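J.: Here you go, one structure.
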Amino acid sequence: MNATTRFHASRVTRKIRGTAASDGAGVKLTRVIGGAELPDLDPFLLLDEFGTDKPEDYLAGFPDHPHRGFETVTYMLDGRMRHRDNHGNEGLLGPGSVQWMTAGRGLVHSEMPEQQAGRMRGFQLWVNLPAKDKMAVPKYQEFAAERIPVVTPANGVTVKVIAGTVGDVRGPITQPATDPVYLDVALERGATWEYVLPEGHNAFAYVFEGEAKLGEGEDVRVLATHELGVLGGGDLLRMEAGGESARLILVGGHPLREPVARYGPFVMNTKQEVMQAFVDFQEGKF
Ligand code: FE2
């Protein structure tokens, strides 16, 4: 089968470099989605990359804070983070683990480093919820590294399937509303891979090691480390390591196409609902 006869080539339509930011009690991070340049990419509201060898950049952690109306997804590359919430849930996120937290109607939680030294590296992604699910009961999908399938779909290509499908392999995360794809793709020098994104998804690739060439023919664009490419034009994405090996996350989701009213940790459909979130939080209803 010639894939190109059935699918249209996807390409990078916009390139974005994250900006330095600080969140929680002063954790240094790079904000890629959710800043001025790319406020959102429906259904994605925020993408932060955190990565440092300096404990002073992360030790303060993310003490108690609320969320309502969306999902926070933490993917740890290095380091350990302990999370606790006001509903009695607690867990330790280790290297390679993922936590997909559906905040729904709201909770108060903390995310604190469980180490005094060494490297802390990973991503936090915010995924919006449709109006009908914004006030749902909070829920966790949490998987240690060994429960995330690893596939080798082509020579020199290793993919961790967090969400979505690669061949016959399905990632452990389920979320029917946005049907997300979340892949950690490692390309060895010279390796190429073609992946078909679900039809109608909004998607992006973010390179966190090396550089990658995305797209085909004249549409090839190079993403350097810490660059995000918004994808468009088609569903078949060709990836190639640019020079040395590369690592990227490829993330996609079904857009919700609903009005977004957001303020800090609350993401609702109307300003009124955001105000209500403040009131409910202050009255201890989370
Ligand atoms: Fe949080």
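The chains in the structure tokens are called A, B, ... from first to last as shown; in each chain the residues are counted from 1, and the ligands are counted from 1 in the order shown.
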Write as a ChimeraX atom specification the residues around ligand 1, taking 10 Å as the cut-off and counting only C-alpha atoms and all ligand atoms.

T.: /A:24,62-67,71-74,83,85,101,103,107-111,124,126,265

J.: With a distance cut-off of 9 Å and only C-alpha atoms, select the neighbouring residues of region 214-224 of chain A, excluding the residue or stretch itself and same-chain residues fewer than 6 positions from it, and output the selection as an NGL selection string.

T.: :A and (9-12 or 15 or 205-208 or 236-242)

J.: Using only C-alpha atoms, what does the table of region 12-131 of chain A residues within 12 Å of region 171-185 of chain A look like, with each row giving the shortest atom pair and its distance in Å to one decimal, sorted by chain and ascending number, as CSV?

T.:
residue,atom,partner,partner_atom,distance
A:Asp42,CA,A:Thr178,CA,9.6
A:Pro43,CA,A:Thr178,CA,7.2
A:Phe44,CA,A:Thr178,CA,9.7
A:Phe70,CA,A:Ala177,CA,11.3
A:Glu71,CA,A:Gln175,CA,10.1
A:Val73,CA,A:Tyr182,CA,10.2
A:Thr74,CA,A:Tyr182,CA,11.4
A:Tyr75,CA,A:Asp184,CA,9.7
A:Met76,CA,A:Asp184,CA,11.2
A:Leu77,CA,A:Asp184,CA,10.1
A:Gly96,CA,A:Asp184,CA,10.0
A:Ser97,CA,A:Pro172,CA,11.6
A:Val98,CA,A:Ile173,CA,9.3
A:Gln99,CA,A:Ile173,CA,9.3
A:Trp100,CA,A:Ile173,CA,7.5
A:Met101,CA,A:Ile173,CA,10.5
A:Thr102,CA,A:Gln175,CA,9.5
A:Gly122,CA,A:Asp184,CA,11.3
A:Phe123,CA,A:Asp184,CA,11.2
A:Leu125,CA,A:Tyr182,CA,10.3
A:Trp126,CA,A:Pro180,CA,11.8
A:Val127,CA,A:Thr178,CA,8.3
A:Asn128,CA,A:Thr178,CA,8.3
A:Leu129,CA,A:Ala177,CA,7.1
A:Pro130,CA,A:Ala177,CA,6.9
A:Ala131,CA,A:Ala177,CA,10.3

J.: Give me, as a PyMOL selection string, all polymer residues having an atom no more than 7 Å from Gly104 (chain A), counting only C-alpha atoms and skipping those fewer than 6 positions away in the same chain.

T.: chain A and resi 68-70+133-138

J.: Extract, using only C-alpha atoms, all DNA, RNA and protein residues at most 6 Å from Met81 (chain A), discarding same-chain residues fewer than 4 positions from it, and format them as a list in words.

T.: Leu92, Leu93, Met112, Pro113 and Glu114 of chain A

J.: Please determine, counting only C-alpha atoms, which residue among A:Met120, A:Val150, A:Val27, A:Val166 has the shortest atom-to-atom distance to Pro198 (chain A).

T.: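 Counting only C-alpha atoms, the residue closest to Pro198 (chain A) is A:Val166.
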